[in-house]
Every structure is written in structure tokens, then in C-alpha cells.
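Printed here is entry_23.cif (mmCIF, N, CA, C and O atoms):
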data_input
loop_
_atom_site.label_atom_id
_atom_site.label_comp_id
_atom_site.auth_asym_id
_atom_site.auth_seq_id
_atom_site.Cartn_x
_atom_site.Cartn_y
_atom_site.Cartn_z
N MET Z 1 -135.93 -22.91 27.46
CA MET Z 1 -134.84 -22.40 26.65
C MET Z 1 -134.73 -23.29 25.41
O MET Z 1 -134.73 -24.51 25.52
N PRO Z 2 -134.60 -22.70 24.22
CA PRO Z 2 -134.49 -23.51 23.00
C PRO Z 2 -133.20 -24.33 22.99
O PRO Z 2 -132.20 -23.94 23.58
N ALA Z 3 -133.26 -25.46 22.31
CA ALA Z 3 -132.11 -26.37 22.25
C ALA Z 3 -130.92 -25.70 21.57
O ALA Z 3 -129.78 -26.00 21.89
N ALA Z 4 -131.19 -24.80 20.63
CA ALA Z 4 -130.08 -24.13 19.93
C ALA Z 4 -129.28 -23.27 20.89
O ALA Z 4 -128.08 -23.06 20.70
N ALA Z 5 -129.90 -22.76 21.94
CA ALA Z 5 -129.19 -21.93 22.90
C ALA Z 5 -128.23 -22.75 23.75
O ALA Z 5 -127.29 -22.22 24.33
N LEU Z 6 -128.46 -24.05 23.84
CA LEU Z 6 -127.61 -24.92 24.64
C LEU Z 6 -126.45 -25.52 23.85
O LEU Z 6 -125.68 -26.29 24.39
N LYS Z 7 -126.34 -25.15 22.58
CA LYS Z 7 -125.28 -25.69 21.73
C LYS Z 7 -123.93 -25.25 22.27
O LYS Z 7 -123.70 -24.07 22.50
N PRO Z 8 -123.00 -26.20 22.49
CA PRO Z 8 -121.70 -25.82 23.05
C PRO Z 8 -120.86 -25.05 22.03
O PRO Z 8 -121.07 -25.14 20.82
N LEU Z 9 -119.92 -24.30 22.55
CA LEU Z 9 -118.99 -23.57 21.70
C LEU Z 9 -118.07 -24.57 20.99
O LEU Z 9 -117.82 -25.66 21.50
N PRO Z 10 -117.56 -24.21 19.80
CA PRO Z 10 -116.68 -25.14 19.09
C PRO Z 10 -115.40 -25.40 19.89
O PRO Z 10 -114.85 -24.49 20.51
N THR Z 11 -114.97 -26.63 19.88
CA THR Z 11 -113.72 -27.00 20.51
C THR Z 11 -112.72 -27.33 19.41
O THR Z 11 -113.02 -27.25 18.23
N GLN Z 12 -111.53 -27.72 19.81
CA GLN Z 12 -110.49 -28.05 18.84
C GLN Z 12 -110.98 -29.12 17.87
O GLN Z 12 -110.72 -29.06 16.68
N SER Z 13 -111.73 -30.10 18.36
CA SER Z 13 -112.14 -31.21 17.50
C SER Z 13 -113.33 -30.86 16.61
O SER Z 13 -113.55 -31.52 15.61
N THR Z 14 -114.11 -29.83 16.98
CA THR Z 14 -115.30 -29.52 16.20
C THR Z 14 -115.18 -28.22 15.43
O THR Z 14 -116.07 -27.87 14.67
N ALA Z 15 -114.10 -27.48 15.60
CA ALA Z 15 -113.95 -26.18 14.93
C ALA Z 15 -113.70 -26.39 13.45
O ALA Z 15 -113.07 -27.37 13.02
N GLN Z 16 -114.20 -25.47 12.63
CA GLN Z 16 -113.97 -25.54 11.19
C GLN Z 16 -112.52 -25.21 10.86
O GLN Z 16 -111.95 -25.75 9.93
N HIS Z 17 -111.93 -24.31 11.61
CA HIS Z 17 -110.53 -23.92 11.42
C HIS Z 17 -109.76 -24.27 12.69
O HIS Z 17 -110.34 -24.24 13.78
N PRO Z 18 -108.48 -24.59 12.58
CA PRO Z 18 -107.73 -24.94 13.78
C PRO Z 18 -107.75 -23.79 14.78
O PRO Z 18 -107.66 -22.63 14.42
N VAL Z 19 -107.85 -24.14 16.04
CA VAL Z 19 -107.80 -23.16 17.11
C VAL Z 19 -106.35 -22.75 17.30
O VAL Z 19 -105.46 -23.58 17.31
N LEU Z 20 -106.11 -21.45 17.45
CA LEU Z 20 -104.75 -20.98 17.61
C LEU Z 20 -104.13 -21.54 18.88
O LEU Z 20 -104.80 -21.70 19.90
N LEU Z 21 -102.84 -21.81 18.81
CA LEU Z 21 -102.11 -22.37 19.94
C LEU Z 21 -101.97 -21.30 21.01
O LEU Z 21 -101.51 -20.20 20.75
N ASP Z 22 -102.40 -21.62 22.21
CA ASP Z 22 -102.18 -20.71 23.32
C ASP Z 22 -101.21 -21.37 24.29
O ASP Z 22 -101.03 -22.57 24.29
N LEU Z 23 -100.59 -20.57 25.09
CA LEU Z 23 -99.57 -21.09 25.99
C LEU Z 23 -99.98 -20.82 27.45
O LEU Z 23 -99.40 -19.98 28.12
N PRO Z 24 -100.98 -21.54 27.97
CA PRO Z 24 -101.43 -21.28 29.33
C PRO Z 24 -100.56 -21.95 30.40
O PRO Z 24 -100.77 -21.76 31.57
N TYR Z 25 -99.57 -22.70 29.98
CA TYR Z 25 -98.78 -23.45 30.95
C TYR Z 25 -97.38 -22.87 31.05
O TYR Z 25 -96.94 -22.12 30.19
N THR Z 26 -96.71 -23.22 32.10
CA THR Z 26 -95.30 -22.88 32.23
C THR Z 26 -94.51 -24.17 32.06
O THR Z 26 -94.99 -25.25 32.42
N PRO Z 27 -93.32 -24.08 31.50
CA PRO Z 27 -92.53 -25.31 31.29
C PRO Z 27 -92.24 -26.02 32.62
O PRO Z 27 -92.14 -25.40 33.67
N VAL Z 28 -92.10 -27.32 32.52
CA VAL Z 28 -91.77 -28.13 33.69
C VAL Z 28 -90.36 -27.77 34.13
O VAL Z 28 -89.48 -27.51 33.30
N GLU Z 29 -90.15 -27.75 35.43
CA GLU Z 29 -88.83 -27.42 35.94
C GLU Z 29 -87.83 -28.48 35.48
O GLU Z 29 -88.07 -29.68 35.64
N LYS Z 30 -86.74 -28.02 34.90
CA LYS Z 30 -85.74 -28.96 34.37
C LYS Z 30 -84.90 -29.54 35.50
O LYS Z 30 -84.54 -28.85 36.44
N ARG Z 31 -84.61 -30.82 35.35
CA ARG Z 31 -83.75 -31.50 36.30
C ARG Z 31 -82.48 -31.90 35.57
O ARG Z 31 -82.50 -32.15 34.37
N PRO Z 32 -81.37 -32.02 36.27
CA PRO Z 32 -80.14 -32.44 35.61
C PRO Z 32 -80.25 -33.88 35.12
O PRO Z 32 -80.89 -34.72 35.76
N LEU Z 33 -79.64 -34.14 33.98
CA LEU Z 33 -79.64 -35.49 33.43
C LEU Z 33 -78.65 -36.35 34.22
O LEU Z 33 -77.70 -35.84 34.82
N PRO Z 34 -78.86 -37.67 34.23
CA PRO Z 34 -77.96 -38.54 35.00
C PRO Z 34 -76.54 -38.51 34.42
O PRO Z 34 -76.36 -38.55 33.20
N PRO Z 35 -75.55 -38.45 35.28
CA PRO Z 35 -74.17 -38.42 34.78
C PRO Z 35 -73.69 -39.80 34.35
O PRO Z 35 -74.27 -40.82 34.70
N GLY Z 36 -72.63 -39.81 33.57
CA GLY Z 36 -71.97 -41.05 33.22
C GLY Z 36 -72.43 -41.71 31.93
O GLY Z 36 -71.95 -42.78 31.58
N GLN Z 37 -73.36 -41.09 31.22
CA GLN Z 37 -73.82 -41.66 29.96
C GLN Z 37 -72.92 -41.16 28.81
O GLN Z 37 -72.33 -40.09 28.90
N PRO Z 38 -72.83 -41.94 27.73
CA PRO Z 38 -72.07 -41.45 26.58
C PRO Z 38 -72.76 -40.22 25.96
O PRO Z 38 -73.97 -40.03 26.10
N ARG Z 39 -71.98 -39.38 25.31
CA ARG Z 39 -72.50 -38.14 24.74
C ARG Z 39 -73.69 -38.40 23.79
O ARG Z 39 -74.67 -37.66 23.78
N GLU Z 40 -73.63 -39.46 23.01
CA GLU Z 40 -74.71 -39.78 22.07
C GLU Z 40 -76.04 -40.01 22.78
O GLU Z 40 -77.10 -39.69 22.26
N TRP Z 41 -75.99 -40.55 23.99
CA TRP Z 41 -77.21 -40.78 24.77
C TRP Z 41 -77.90 -39.45 25.09
O TRP Z 41 -79.11 -39.32 24.96
N TYR Z 42 -77.11 -38.44 25.48
CA TYR Z 42 -77.68 -37.13 25.81
C TYR Z 42 -78.27 -36.45 24.58
O TYR Z 42 -79.33 -35.85 24.64
N ILE Z 43 -77.58 -36.58 23.46
CA ILE Z 43 -78.08 -35.98 22.21
C ILE Z 43 -79.41 -36.62 21.82
O ILE Z 43 -80.37 -35.92 21.51
N THR Z 44 -79.48 -37.94 21.86
CA THR Z 44 -80.71 -38.64 21.50
C THR Z 44 -81.84 -38.33 22.49
O THR Z 44 -82.98 -38.09 22.08
N HIS Z 45 -81.51 -38.28 23.76
CA HIS Z 45 -82.51 -37.99 24.79
C HIS Z 45 -83.13 -36.60 24.57
O HIS Z 45 -84.35 -36.45 24.56
N ASN Z 46 -82.29 -35.61 24.38
CA ASN Z 46 -82.78 -34.24 24.18
C ASN Z 46 -83.56 -34.11 22.87
O ASN Z 46 -84.55 -33.38 22.79
N ARG Z 47 -83.13 -34.84 21.84
CA ARG Z 47 -83.84 -34.81 20.56
C ARG Z 47 -85.24 -35.41 20.72
O ARG Z 47 -86.21 -34.89 20.17
N ARG Z 48 -85.35 -36.49 21.48
CA ARG Z 48 -86.67 -37.09 21.71
C ARG Z 48 -87.58 -36.16 22.48
O ARG Z 48 -88.77 -36.05 22.18
N LEU Z 49 -87.04 -35.49 23.50
CA LEU Z 49 -87.84 -34.54 24.26
C LEU Z 49 -88.35 -33.41 23.38
O LEU Z 49 -89.52 -33.01 23.44
N LYS Z 50 -87.47 -32.87 22.53
CA LYS Z 50 -87.88 -31.80 21.63
C LYS Z 50 -88.93 -32.29 20.64
O LYS Z 50 -89.93 -31.60 20.38
N ALA Z 51 -88.76 -33.48 20.12
CA ALA Z 51 -89.73 -34.03 19.17
C ALA Z 51 -91.09 -34.22 19.84
O ALA Z 51 -92.12 -33.94 19.24
N MET Z 52 -91.09 -34.68 21.09
CA MET Z 52 -92.36 -34.85 21.80
C MET Z 52 -93.04 -33.50 22.03
O MET Z 52 -94.24 -33.37 21.84
N ARG Z 53 -92.28 -32.49 22.44
CA ARG Z 53 -92.86 -31.17 22.65
C ARG Z 53 -93.47 -30.63 21.36
O ARG Z 53 -94.57 -30.08 21.36
N LEU Z 54 -92.75 -30.80 20.26
CA LEU Z 54 -93.24 -30.30 18.97
C LEU Z 54 -94.46 -31.08 18.50
O LEU Z 54 -95.42 -30.50 17.98
N ALA Z 55 -94.46 -32.40 18.69
CA ALA Z 55 -95.62 -33.20 18.27
C ALA Z 55 -96.85 -32.80 19.07
O ALA Z 55 -97.95 -32.65 18.51
N ILE Z 56 -96.70 -32.56 20.36
CA ILE Z 56 -97.83 -32.14 21.19
C ILE Z 56 -98.34 -30.78 20.74
O ILE Z 56 -99.54 -30.55 20.62
N ALA Z 57 -97.43 -29.85 20.48
CA ALA Z 57 -97.83 -28.52 20.04
C ALA Z 57 -98.54 -28.58 18.68
O ALA Z 57 -99.53 -27.87 18.47
N LEU Z 58 -98.06 -29.42 17.78
CA LEU Z 58 -98.72 -29.57 16.48
C LEU Z 58 -100.12 -30.15 16.64
O LEU Z 58 -101.08 -29.68 16.01
N LEU Z 59 -100.25 -31.16 17.47
CA LEU Z 59 -101.57 -31.75 17.71
C LEU Z 59 -102.52 -30.73 18.33
O LEU Z 59 -103.68 -30.64 17.96
N ASP Z 60 -102.01 -29.92 19.26
CA ASP Z 60 -102.83 -28.88 19.88
C ASP Z 60 -103.26 -27.82 18.88
O ASP Z 60 -104.31 -27.21 19.04
N SER Z 61 -102.46 -27.60 17.84
CA SER Z 61 -102.79 -26.56 16.86
C SER Z 61 -103.62 -27.09 15.70
O SER Z 61 -103.93 -26.35 14.78
N GLY Z 62 -103.96 -28.39 15.71
CA GLY Z 62 -104.85 -28.93 14.69
C GLY Z 62 -104.17 -29.71 13.59
O GLY Z 62 -104.81 -30.09 12.62
N VAL Z 63 -102.90 -29.97 13.71
CA VAL Z 63 -102.18 -30.80 12.72
C VAL Z 63 -102.19 -32.22 13.26
O VAL Z 63 -101.48 -32.53 14.22
N TYR Z 64 -103.00 -33.08 12.66
CA TYR Z 64 -103.19 -34.43 13.20
C TYR Z 64 -102.49 -35.52 12.38
O TYR Z 64 -102.28 -36.62 12.87
N LEU Z 65 -102.16 -35.25 11.14
CA LEU Z 65 -101.56 -36.27 10.27
C LEU Z 65 -100.11 -35.92 9.98
O LEU Z 65 -99.77 -34.75 9.79
N PRO Z 66 -99.24 -36.92 9.91
CA PRO Z 66 -97.82 -36.65 9.66
C PRO Z 66 -97.58 -35.94 8.33
O PRO Z 66 -96.67 -35.11 8.24
N ASN Z 67 -98.40 -36.23 7.31
CA ASN Z 67 -98.15 -35.58 6.02
C ASN Z 67 -98.56 -34.10 6.03
O ASN Z 67 -98.22 -33.36 5.12
N GLN Z 68 -99.29 -33.65 7.07
CA GLN Z 68 -99.59 -32.23 7.22
C GLN Z 68 -98.44 -31.49 7.89
O GLN Z 68 -98.39 -30.27 7.84
N ALA Z 69 -97.54 -32.22 8.53
CA ALA Z 69 -96.44 -31.62 9.29
C ALA Z 69 -95.18 -31.59 8.44
O ALA Z 69 -94.30 -32.43 8.57
N ARG Z 70 -95.10 -30.62 7.57
CA ARG Z 70 -93.89 -30.43 6.77
C ARG Z 70 -92.82 -29.76 7.65
O ARG Z 70 -93.14 -29.20 8.70
N ASN Z 71 -91.57 -29.82 7.21
CA ASN Z 71 -90.48 -29.23 7.99
C ASN Z 71 -90.74 -27.77 8.32
O ASN Z 71 -90.46 -27.32 9.43
N GLU Z 72 -91.28 -27.02 7.36
CA GLU Z 72 -91.53 -25.59 7.58
C GLU Z 72 -92.55 -25.40 8.70
O GLU Z 72 -92.41 -24.51 9.54
N LYS Z 73 -93.60 -26.21 8.70
CA LYS Z 73 -94.64 -26.12 9.72
C LYS Z 73 -94.07 -26.47 11.09
O LYS Z 73 -94.37 -25.81 12.09
N ILE Z 74 -93.24 -27.49 11.15
CA ILE Z 74 -92.64 -27.90 12.42
C ILE Z 74 -91.72 -26.80 12.93
O ILE Z 74 -91.75 -26.46 14.12
N ARG Z 75 -90.95 -26.19 12.05
CA ARG Z 75 -90.03 -25.13 12.48
C ARG Z 75 -90.78 -23.87 12.90
O ARG Z 75 -90.37 -23.18 13.83
N THR Z 76 -91.90 -23.58 12.23
CA THR Z 76 -92.73 -22.44 12.64
C THR Z 76 -93.32 -22.69 14.02
O THR Z 76 -93.36 -21.78 14.86
N THR Z 77 -93.77 -23.91 14.26
CA THR Z 77 -94.31 -24.27 15.57
C THR Z 77 -93.24 -24.18 16.64
O THR Z 77 -93.50 -23.71 17.75
N ALA Z 78 -92.02 -24.59 16.31
CA ALA Z 78 -90.91 -24.49 17.26
C ALA Z 78 -90.66 -23.04 17.65
O ALA Z 78 -90.46 -22.73 18.83
N GLU Z 79 -90.72 -22.16 16.68
CA GLU Z 79 -90.54 -20.74 16.95
C GLU Z 79 -91.67 -20.22 17.85
O GLU Z 79 -91.44 -19.44 18.77
N THR Z 80 -92.89 -20.69 17.58
CA THR Z 80 -94.06 -20.26 18.37
C THR Z 80 -93.94 -20.66 19.82
O THR Z 80 -94.27 -19.87 20.72
N ILE Z 81 -93.48 -21.88 20.09
CA ILE Z 81 -93.41 -22.34 21.47
C ILE Z 81 -92.07 -22.03 22.13
O ILE Z 81 -91.86 -22.38 23.30
N GLY Z 82 -91.16 -21.40 21.41
CA GLY Z 82 -89.90 -20.97 22.00
C GLY Z 82 -88.84 -22.04 22.07
O GLY Z 82 -88.04 -22.06 23.01
N VAL Z 83 -88.80 -22.91 21.07
CA VAL Z 83 -87.79 -23.97 21.00
C VAL Z 83 -86.87 -23.66 19.83
O VAL Z 83 -87.32 -23.12 18.81
N HIS Z 84 -85.60 -23.98 19.95
CA HIS Z 84 -84.67 -23.77 18.84
C HIS Z 84 -85.15 -24.53 17.61
O HIS Z 84 -85.75 -25.61 17.74
N PRO Z 85 -84.89 -24.02 16.41
CA PRO Z 85 -85.36 -24.71 15.20
C PRO Z 85 -84.81 -26.13 15.13
O PRO Z 85 -83.62 -26.35 15.33
N PRO Z 86 -85.68 -27.10 14.86
CA PRO Z 86 -85.23 -28.49 14.84
C PRO Z 86 -84.49 -28.83 13.54
O PRO Z 86 -84.71 -28.22 12.50
N SER Z 87 -83.66 -29.85 13.64
CA SER Z 87 -82.95 -30.34 12.46
C SER Z 87 -83.90 -31.20 11.62
O SER Z 87 -85.02 -31.51 12.04
N ASP Z 88 -83.45 -31.59 10.45
CA ASP Z 88 -84.24 -32.47 9.60
C ASP Z 88 -84.51 -33.81 10.31
O ASP Z 88 -85.59 -34.38 10.18
N THR Z 89 -83.52 -34.29 11.06
CA THR Z 89 -83.69 -35.55 11.79
C THR Z 89 -84.79 -35.43 12.84
O THR Z 89 -85.63 -36.32 13.00
N THR Z 90 -84.81 -34.30 13.56
CA THR Z 90 -85.84 -34.09 14.57
C THR Z 90 -87.21 -33.95 13.93
O THR Z 90 -88.21 -34.47 14.44
N CYS Z 91 -87.28 -33.26 12.80
CA CYS Z 91 -88.56 -33.14 12.08
C CYS Z 91 -89.08 -34.51 11.68
O CYS Z 91 -90.27 -34.80 11.80
N HIS Z 92 -88.18 -35.37 11.21
CA HIS Z 92 -88.56 -36.73 10.84
C HIS Z 92 -89.09 -37.49 12.07
O HIS Z 92 -90.08 -38.22 12.00
N MET Z 93 -88.44 -37.26 13.22
CA MET Z 93 -88.86 -37.92 14.46
C MET Z 93 -90.24 -37.43 14.90
O MET Z 93 -91.05 -38.23 15.40
N VAL Z 94 -90.52 -36.15 14.70
CA VAL Z 94 -91.85 -35.60 15.04
C VAL Z 94 -92.92 -36.31 14.22
O VAL Z 94 -93.95 -36.74 14.75
N ARG Z 95 -92.68 -36.44 12.91
CA ARG Z 95 -93.66 -37.11 12.06
C ARG Z 95 -93.82 -38.58 12.46
O ARG Z 95 -94.92 -39.13 12.44
N ALA Z 96 -92.72 -39.23 12.85
CA ALA Z 96 -92.80 -40.63 13.28
C ALA Z 96 -93.63 -40.75 14.57
O ALA Z 96 -94.44 -41.66 14.70
N LEU Z 97 -93.46 -39.81 15.49
CA LEU Z 97 -94.27 -39.83 16.71
C LEU Z 97 -95.75 -39.66 16.38
O LEU Z 97 -96.60 -40.32 16.97
N MET Z 98 -96.05 -38.78 15.46
CA MET Z 98 -97.45 -38.55 15.08
C MET Z 98 -98.02 -39.79 14.39
O MET Z 98 -99.19 -40.12 14.56
N ARG Z 99 -97.20 -40.47 13.62
CA ARG Z 99 -97.66 -41.64 12.88
C ARG Z 99 -97.96 -42.80 13.83
O ARG Z 99 -98.99 -43.45 13.71
N TYR Z 100 -97.08 -43.04 14.81
CA TYR Z 100 -97.26 -44.21 15.66
C TYR Z 100 -98.17 -43.97 16.84
O TYR Z 100 -98.53 -44.87 17.54
N ALA Z 101 -98.56 -42.72 17.06
CA ALA Z 101 -99.48 -42.42 18.16
C ALA Z 101 -100.92 -42.72 17.77
O ALA Z 101 -101.81 -42.70 18.60
N ARG Z 102 -101.18 -42.98 16.50
CA ARG Z 102 -102.55 -43.19 16.03
C ARG Z 102 -103.01 -44.58 16.35
O ARG Z 102 -102.70 -45.56 16.31
#

What is this file in C-alpha cells?
Amino acid sequence: MPAAALKPLPTQSTAQHPVLLDLPYTPVEKRPLPPGQPREWYITHNRRLKAMRLAIALLDSGVYLPNQARNEKIRTTAETIGVHPPSDTTCHMVRALMRYAR
């Protein structure tokens, strides 16, 4: 068999264009948050979770650099994965996660 026939199909890292985001998974079952924390703790905790979900979805869709993740792109991704549109603060947090993960 010729070597060209054994060439693997393009993956996310080798594709010329980003591979479209697919949703083969189901969300993790939610558990109740621990009681007794101040309200600000819950807000920050949920914001971090949303930022992590969005950063993972952006990375899966081919956006690897923080300067590629503009607010509009992050909000479009949120709509795609079924998350409420993030605030400017959450968008900033998504870019920070992408920056420090490198």
C-alpha cells in the first residue's frame, strides 16, 4: 500500500480551518454548592465555572490565543454551547484563563 494511503485524516491541530465544535458529551450532573458562604463567593465560583467552560469550548473550536477571543466570539461560543451570554468581566476571565494556560 502506498505511503500516501496511510496519511491520517486532519485533526484539530493539523486542519487548515478550525474543526466545527461538536457536542458529543452531556453536561456533568450538577451538585448543590456548600451552604454558608457569602453571596460574593457563589457569584465568583459560578463565574469561574462559566469561564472555564467557555475557554475549553474556544480551545476545542480552534481559538488558541487570547487576542483571537474577542467578546463577540466568546458570546457566540456561549450561545453555541447553551450558556447564558457572559458579562464583560467573564469574557476578560476567559482570556486570562487562555493566557495563563500556555

From a DSSP pass on the backbone, collect the residues of region 22-89 of chain Z flagged as helix (DSSP H, G or I) and hand them back as a VMD selection string.
-> chain Z and resid 39 to 60 66 to 68 71 to 81 88 to 89

For Ser87 (chain Z), work out the shell of residues within 12 Å, counting only C-alpha atoms and skipping chain neighbours fewer than 6 positions away, then give it as a list in words.
->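 What passes the distance filter is Arg47, Lys50, Ala51, Asn71, Glu72, Ile74, Arg75, Ala78, Met93 and Val94 of chain Z.
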
Two-atom distance - CA of Thr76 (chain Z), atom N of Thr89 (chain Z) (Å) =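 Distance reported for this atom pair: 15.1 Å.
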
Could you give me, as a PyMOL selection string, the residues within 12 Å of Gln68 (chain Z), counting only C-alpha atoms and dropping anything in the same chain fewer than 6 positions from it?
-> chain Z and resi 55+58-59+61-62+74+94-95+98-99

Can you sort out the box for region 91-98 of chain Z, edges along x, y and z, all listed atoms in, 8 Å on every side, with centre and edge lengths in Å to one decimal, as AutoDock Vina command-line options?
--center_x -93.2 --center_y -37.4 --center_z 13.9 --size_x 27.9 --size_y 24.5 --size_z 22.1

A straight line from atom O of Leu65 (chain Z) to CA of Ile43 (chain Z) spans 25.0 Å

What is the atom C of Asn67 (chain Z)-atom C of Glu40 (chain Z) distance in Å, reported with one decimal?
->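 Separating atom C of Asn67 (chain Z) from atom C of Glu40 (chain Z) is a distance of 28.7 Å.
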
Picked residues, the PyMOL selection byres (((chain Z and resi 81 and name CA) around 9) and name CA), expected as an mmCIF file with N, CA, C and O atoms, in the frame of the given file:
data_model
loop_
_atom_site.group_PDB
_atom_site.id
_atom_site.type_symbol
_atom_site.label_atom_id
_atom_site.label_comp_id
_atom_site.auth_asym_id
_atom_site.auth_seq_id
_atom_site.Cartn_x
_atom_site.Cartn_y
_atom_site.Cartn_z
ATOM 1 N N LEU Z 21 -102.840 -21.810 18.810
ATOM 2 C CA LEU Z 21 -102.110 -22.370 19.940
ATOM 3 C C LEU Z 21 -101.970 -21.300 21.010
ATOM 4 O O LEU Z 21 -101.510 -20.200 20.750
ATOM 5 N N LEU Z 23 -100.590 -20.570 25.090
ATOM 6 C CA LEU Z 23 -99.570 -21.090 25.990
ATOM 7 C C LEU Z 23 -99.980 -20.820 27.450
ATOM 8 O O LEU Z 23 -99.400 -19.980 28.120
ATOM 9 N N ARG Z 53 -92.280 -32.490 22.440
ATOM 10 C CA ARG Z 53 -92.860 -31.170 22.650
ATOM 11 C C ARG Z 53 -93.470 -30.630 21.360
ATOM 12 O O ARG Z 53 -94.570 -30.080 21.360
ATOM 13 N N LEU Z 54 -92.750 -30.800 20.260
ATOM 14 C CA LEU Z 54 -93.240 -30.300 18.970
ATOM 15 C C LEU Z 54 -94.460 -31.080 18.500
ATOM 16 O O LEU Z 54 -95.420 -30.500 17.980
ATOM 17 N N ALA Z 57 -97.430 -29.850 20.480
ATOM 18 C CA ALA Z 57 -97.830 -28.520 20.040
ATOM 19 C C ALA Z 57 -98.540 -28.580 18.680
ATOM 20 O O ALA Z 57 -99.530 -27.870 18.470
ATOM 21 N N THR Z 76 -91.900 -23.580 12.230
ATOM 22 C CA THR Z 76 -92.730 -22.440 12.640
ATOM 23 C C THR Z 76 -93.320 -22.690 14.020
ATOM 24 O O THR Z 76 -93.360 -21.780 14.860
ATOM 25 N N THR Z 77 -93.770 -23.910 14.260
ATOM 26 C CA THR Z 77 -94.310 -24.270 15.570
ATOM 27 C C THR Z 77 -93.240 -24.180 16.640
ATOM 28 O O THR Z 77 -93.500 -23.710 17.750
ATOM 29 N N ALA Z 78 -92.020 -24.590 16.310
ATOM 30 C CA ALA Z 78 -90.910 -24.490 17.260
ATOM 31 C C ALA Z 78 -90.660 -23.040 17.650
ATOM 32 O O ALA Z 78 -90.460 -22.730 18.830
ATOM 33 N N GLU Z 79 -90.720 -22.160 16.680
ATOM 34 C CA GLU Z 79 -90.540 -20.740 16.950
ATOM 35 C C GLU Z 79 -91.670 -20.220 17.850
ATOM 36 O O GLU Z 79 -91.440 -19.440 18.770
ATOM 37 N N THR Z 80 -92.890 -20.690 17.580
ATOM 38 C CA THR Z 80 -94.060 -20.260 18.370
ATOM 39 C C THR Z 80 -93.940 -20.660 19.820
ATOM 40 O O THR Z 80 -94.270 -19.870 20.720
ATOM 41 N N GLY Z 82 -91.160 -21.400 21.410
ATOM 42 C CA GLY Z 82 -89.900 -20.970 22.000
ATOM 43 C C GLY Z 82 -88.840 -22.040 22.070
ATOM 44 O O GLY Z 82 -88.040 -22.060 23.010
ATOM 45 N N VAL Z 83 -88.800 -22.910 21.070
ATOM 46 C CA VAL Z 83 -87.790 -23.970 21.000
ATOM 47 C C VAL Z 83 -86.870 -23.660 19.830
ATOM 48 O O VAL Z 83 -87.320 -23.120 18.810
#

Could you tell me which of Z:Pro38, Z:Tyr64, Z:Asp88, Z:Arg70 comes closest to Tyr100 (chain Z) if we count only C-alpha atoms?
-> Z:Tyr64

Return the single residue from Z:Ala96, Z:Trp41, Z:Pro35, Z:Glu29 that is closest to Ala69 (chain Z), with distances computed using only C-alpha atoms.
->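 Between Z:Ala96, Z:Trp41, Z:Pro35, Z:Glu29, the residue approaching Ala69 (chain Z) most closely is Z:Ala96.
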